[in-house]
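Student: Just dropping this structure here.
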Number of protein chains: 2
Amino acid sequence: VKQDTSENRELGRRERRRQETVEKLFASAMRLFSTKGYAATKVEDITEAADVGKGTFFNYFPSKRHVLGYFAGKQLSRVEHYVGVSREGDAETLELLEALARDLTRLPAKSPEMARTVVASFLGDADVREYVLAQILRGREMVAEIIARGQERGEVRRDMEAGELARIFQQSIFGTILMWSLSQKDPVERMLANSIEVLLSGLRGHDGQGRSGRGASRSGSERKQR
Amino acid sequence: VKQDTSENRELGRRERRRQETVEKLFASAMRLFSTKGYAATKVEDITEAADVGKGTFFNYFPSKRHVLGYFAGKQLSRVEHYVGVSREGDAETLELLEALARDLTRLPAKSPEMARTVVASFLGDADVREYVLAQILRGREMVAEIIARGQERGEVRRDMEAGELARIFQQSIFGTILMWSLSQKDPVERMLANSIEVLLSGLRGHDGQGRSGRGASRSGSERKQR
């Protein structure tokens, strides 16, 4: 049990303040990126909007680009958590992936502007793209580990590499958030629930006893899973 | 049989020339959007790059925004074709959707820059977004018609609305193209084939006899399809 000394309280307070500042800088940056655009936003604009000194920014982010990396980093730490749960071996893989998918949409689902901005910024800038892509690929490796475990346990289709299925998992989440951020006609929760449901059916694959008379099917899952 | 009179030949020539010009304008616009950005590109820049007079642009596009609409329009006409085939009633629905998905990726898969640009432009500009979104929704209605027919025939899962499944179909294609446009580590054909395979398994749903012991599953498809 952690002792609640005044020293601990002081550390906790400092950590909370750090966290508040970084969140404030992140939120201000996202707002500016979506109004002025990523390229036109200066670090001073961000610090001014967040009401902190300019130098403060560089205590948290080595460069403007790292603000987008912060977003990706937050997502990565969620994936890490689920890899840990998967390693313990008690959880059903598809249920784990379902919970992970919901968790990963929580942050971008807070604001459609933010979701659009993050994607538009890294599509439009080669440096940002390279940086964010590296984090996407790190995330994919972790998801692939979860999926590979599911394949060993017979919970996930085996006719496709775990890395490929992990890419499709990521795509499905990006796609849902992107589509939602465009229209918001439906609540993100409903859109997400349906997307996940279809994704999980697809990841599970099927046992070749499907009702559809696809006959000489080109479907890999039917061909290879028997 | 169409008569090959000189008048027909003349019409054909004129139509081909129109088509060449519009394609040239479209390609130049896309190149400029990806280098200068959508907002900073002027119509004169486009016509200069395409080596045509400025007025020529407006013979083909009412405004700059309509260049992006041209892309969406091309895609829509592909979907229309498949709706026609579906109405004839001979084709298996999932095979039809597979062919449609391949067809829809053909154009964006020509250039990762173009794919990124189209998406970044309409994410970043509210007017363009509204315009392109309308076309996405028209496309969705058509895909939903194909899917509803598949549901009637028992080829597509019935536990979700056709419109929702159509959205998920669109998302899956956007997601694949977007992910490919970021890294191009793998050929788009392979990425697409695997994405489609997982998507189709997901759309087909399953018969509740899955191998996985999900037990008290929260999966709608298992719960509702019995």
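Every chain in the structure tokens takes a letter, A first, then B, and so on in the order presented; its residues are numbered from 1, and the ligands are numbered from 1 following the presented order.
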Give me, as a list in words, all polymer residues having an atom no more than 9 Å from range 65-69 of chain A, counting only C-alpha atoms and skipping those fewer than 3 positions away in the same chain.
Tutor: Leu25, Phe26, Ala29, Met30, Tyr60, Phe61, Pro62, Ala72, Gly73, Lys74, Val118, Ser121, Phe122, Asp127, Val128, Tyr131, Val132 and Gln135 of chain A
Student: Residues of range 140-180 of chain B classed as helix (DSSP H, G or I) by DSSP on the backbone are to be reported as a ChimeraX atom specification.
Tutor: /B:140-152,162-180
Student: Please produce a file of those selected residues containing N, CA, C and O atoms, as a tab-separated table (two decimals), in the first residue's frame.
Tutor:
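For reference, out_27.tsv as written:
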chain	number	residue	atom	x	y	z
B	140	ARG	N	-24.24	5.18	-50.99
B	140	ARG	CA	-24.65	4.26	-49.93
B	140	ARG	C	-26.04	3.70	-50.18
B	140	ARG	O	-26.29	2.52	-49.97
B	141	GLU	N	-26.93	4.59	-50.64
B	141	GLU	CA	-28.29	4.12	-50.94
B	141	GLU	C	-28.28	3.02	-52.00
B	141	GLU	O	-29.03	2.05	-51.91
B	142	MET	N	-27.42	3.21	-53.00
B	142	MET	CA	-27.36	2.21	-54.07
B	142	MET	C	-26.79	0.89	-53.55
B	142	MET	O	-27.31	-0.18	-53.86
B	143	VAL	N	-25.72	0.98	-52.77
B	143	VAL	CA	-25.14	-0.24	-52.21
B	143	VAL	C	-26.15	-0.91	-51.29
B	143	VAL	O	-26.28	-2.14	-51.27
B	144	ALA	N	-26.92	-0.10	-50.56
B	144	ALA	CA	-27.94	-0.66	-49.66
B	144	ALA	C	-29.00	-1.42	-50.45
B	144	ALA	O	-29.52	-2.44	-49.99
B	145	GLU	N	-29.31	-0.93	-51.65
B	145	GLU	CA	-30.29	-1.66	-52.47
B	145	GLU	C	-29.76	-3.05	-52.83
B	145	GLU	O	-30.49	-4.04	-52.74
B	146	ILE	N	-28.49	-3.11	-53.21
B	146	ILE	CA	-27.88	-4.40	-53.53
B	146	ILE	C	-27.90	-5.32	-52.31
B	146	ILE	O	-28.26	-6.50	-52.39
B	147	ILE	N	-27.56	-4.75	-51.16
B	147	ILE	CA	-27.47	-5.55	-49.93
B	147	ILE	C	-28.86	-6.02	-49.49
B	147	ILE	O	-29.03	-7.17	-49.08
B	148	ALA	N	-29.86	-5.15	-49.62
B	148	ALA	CA	-31.23	-5.54	-49.22
B	148	ALA	C	-31.70	-6.72	-50.06
B	148	ALA	O	-32.36	-7.64	-49.56
B	149	ARG	N	-31.33	-6.70	-51.34
B	149	ARG	CA	-31.69	-7.83	-52.21
B	149	ARG	C	-31.01	-9.10	-51.71
B	149	ARG	O	-31.60	-10.17	-51.69
B	150	GLY	N	-29.74	-8.97	-51.31
B	150	GLY	CA	-29.01	-10.10	-50.78
B	150	GLY	C	-29.62	-10.62	-49.48
B	150	GLY	O	-29.61	-11.82	-49.21
B	151	GLN	N	-30.15	-9.69	-48.68
B	151	GLN	CA	-30.80	-10.11	-47.43
B	151	GLN	C	-32.06	-10.91	-47.72
B	151	GLN	O	-32.32	-11.94	-47.10
B	152	GLU	N	-32.85	-10.42	-48.70
B	152	GLU	CA	-34.07	-11.16	-49.09
B	152	GLU	C	-33.72	-12.57	-49.53
B	152	GLU	O	-34.47	-13.51	-49.27
B	162	ALA	N	-29.81	-2.77	-43.99
B	162	ALA	CA	-29.01	-2.75	-45.22
B	162	ALA	C	-28.17	-1.47	-45.31
B	162	ALA	O	-27.02	-1.49	-45.75
B	163	GLY	N	-28.75	-0.35	-44.86
B	163	GLY	CA	-28.03	0.92	-44.93
B	163	GLY	C	-26.79	0.92	-44.04
B	163	GLY	O	-25.76	1.50	-44.40
B	164	GLU	N	-26.90	0.28	-42.89
B	164	GLU	CA	-25.75	0.18	-41.99
B	164	GLU	C	-24.67	-0.69	-42.61
B	164	GLU	O	-23.48	-0.35	-42.57
B	165	LEU	N	-25.08	-1.80	-43.21
B	165	LEU	CA	-24.10	-2.69	-43.84
B	165	LEU	C	-23.45	-1.98	-45.04
B	165	LEU	O	-22.26	-2.16	-45.31
B	166	ALA	N	-24.24	-1.16	-45.73
B	166	ALA	CA	-23.69	-0.40	-46.86
B	166	ALA	C	-22.65	0.61	-46.37
B	166	ALA	O	-21.61	0.81	-47.00
B	167	ARG	N	-22.92	1.25	-45.24
B	167	ARG	CA	-21.93	2.17	-44.65
B	167	ARG	C	-20.64	1.41	-44.34
B	167	ARG	O	-19.54	1.89	-44.63
B	168	ILE	N	-20.78	0.24	-43.76
B	168	ILE	CA	-19.60	-0.53	-43.37
B	168	ILE	C	-18.83	-0.97	-44.62
B	168	ILE	O	-17.60	-0.98	-44.63
B	169	PHE	N	-19.55	-1.28	-45.68
B	169	PHE	CA	-18.92	-1.61	-46.96
B	169	PHE	C	-18.08	-0.41	-47.44
B	169	PHE	O	-16.90	-0.55	-47.79
B	170	GLN	N	-18.66	0.78	-47.42
B	170	GLN	CA	-17.95	1.98	-47.86
B	170	GLN	C	-16.72	2.24	-46.99
B	170	GLN	O	-15.63	2.51	-47.48
B	171	GLN	N	-16.92	2.17	-45.68
B	171	GLN	CA	-15.83	2.41	-44.74
B	171	GLN	C	-14.65	1.49	-45.00
B	171	GLN	O	-13.51	1.89	-44.91
B	172	SER	N	-14.99	0.24	-45.30
B	172	SER	CA	-13.95	-0.75	-45.49
B	172	SER	C	-13.09	-0.40	-46.71
B	172	SER	O	-11.87	-0.54	-46.68
B	173	ILE	N	-13.73	0.09	-47.76
B	173	ILE	CA	-13.00	0.48	-48.97
B	173	ILE	C	-12.17	1.75	-48.71
B	173	ILE	O	-10.98	1.79	-49.02
B	174	PHE	N	-12.79	2.77	-48.10
B	174	PHE	CA	-12.04	3.98	-47.74
B	174	PHE	C	-10.84	3.61	-46.88
B	174	PHE	O	-9.74	4.10	-47.10
B	175	GLY	N	-11.09	2.79	-45.89
B	175	GLY	CA	-10.05	2.44	-44.92
B	175	GLY	C	-8.88	1.75	-45.60
B	175	GLY	O	-7.72	2.06	-45.31
B	176	THR	N	-9.18	0.84	-46.51
B	176	THR	CA	-8.11	0.10	-47.19
B	176	THR	C	-7.27	1.05	-48.04
B	176	THR	O	-6.03	1.02	-48.00
B	177	ILE	N	-7.94	1.90	-48.80
B	177	ILE	CA	-7.23	2.83	-49.69
B	177	ILE	C	-6.39	3.80	-48.86
B	177	ILE	O	-5.23	4.08	-49.17
B	178	LEU	N	-6.98	4.28	-47.78
B	178	LEU	CA	-6.28	5.23	-46.94
B	178	LEU	C	-5.03	4.60	-46.33
B	178	LEU	O	-3.94	5.18	-46.37
B	179	MET	N	-5.18	3.41	-45.80
B	179	MET	CA	-4.05	2.73	-45.16
B	179	MET	C	-2.97	2.45	-46.20
B	179	MET	O	-1.78	2.65	-45.93
B	180	TRP	N	-3.38	2.00	-47.36
B	180	TRP	CA	-2.41	1.74	-48.43
B	180	TRP	C	-1.69	3.03	-48.83
B	180	TRP	O	-0.48	3.03	-49.04
Student: In Å to one decimal, how far is CA of Val156 in chain A from CA of Leu203 in chain A?
Tutor: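 If I compute the distance from CA of Leu203 in chain A to CA of Val156 in chain A, I get 5.8 Å.
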Student: Hey, what's within 8 Å of Gly205 in chain B if we count only C-alpha atoms and toss same-chain stuff fewer than 2 positions away? As a list in words, please?
Tutor: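 That gives Val198, Ser201 and Gly202 of chain A; Val156, Arg157, Ser201, Gly202, Leu203, Asp207 and Ser221 of chain B.
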Student: Given only C-alpha atoms as the basis, pick out the residue of A:Asp90, A:Glu155, A:Glu48, A:Asp186 nearest to chain B.
Tutor: A:Glu155
Student: May I have the residues within 12 Å of Ala126 in chain B as number ranges by chain, using only C-alpha atoms and disregarding those fewer than 6 positions away in the same chain?
Tutor: A: 34-35, 113, 116, 181-183; B: 39, 65, 120, 132-133
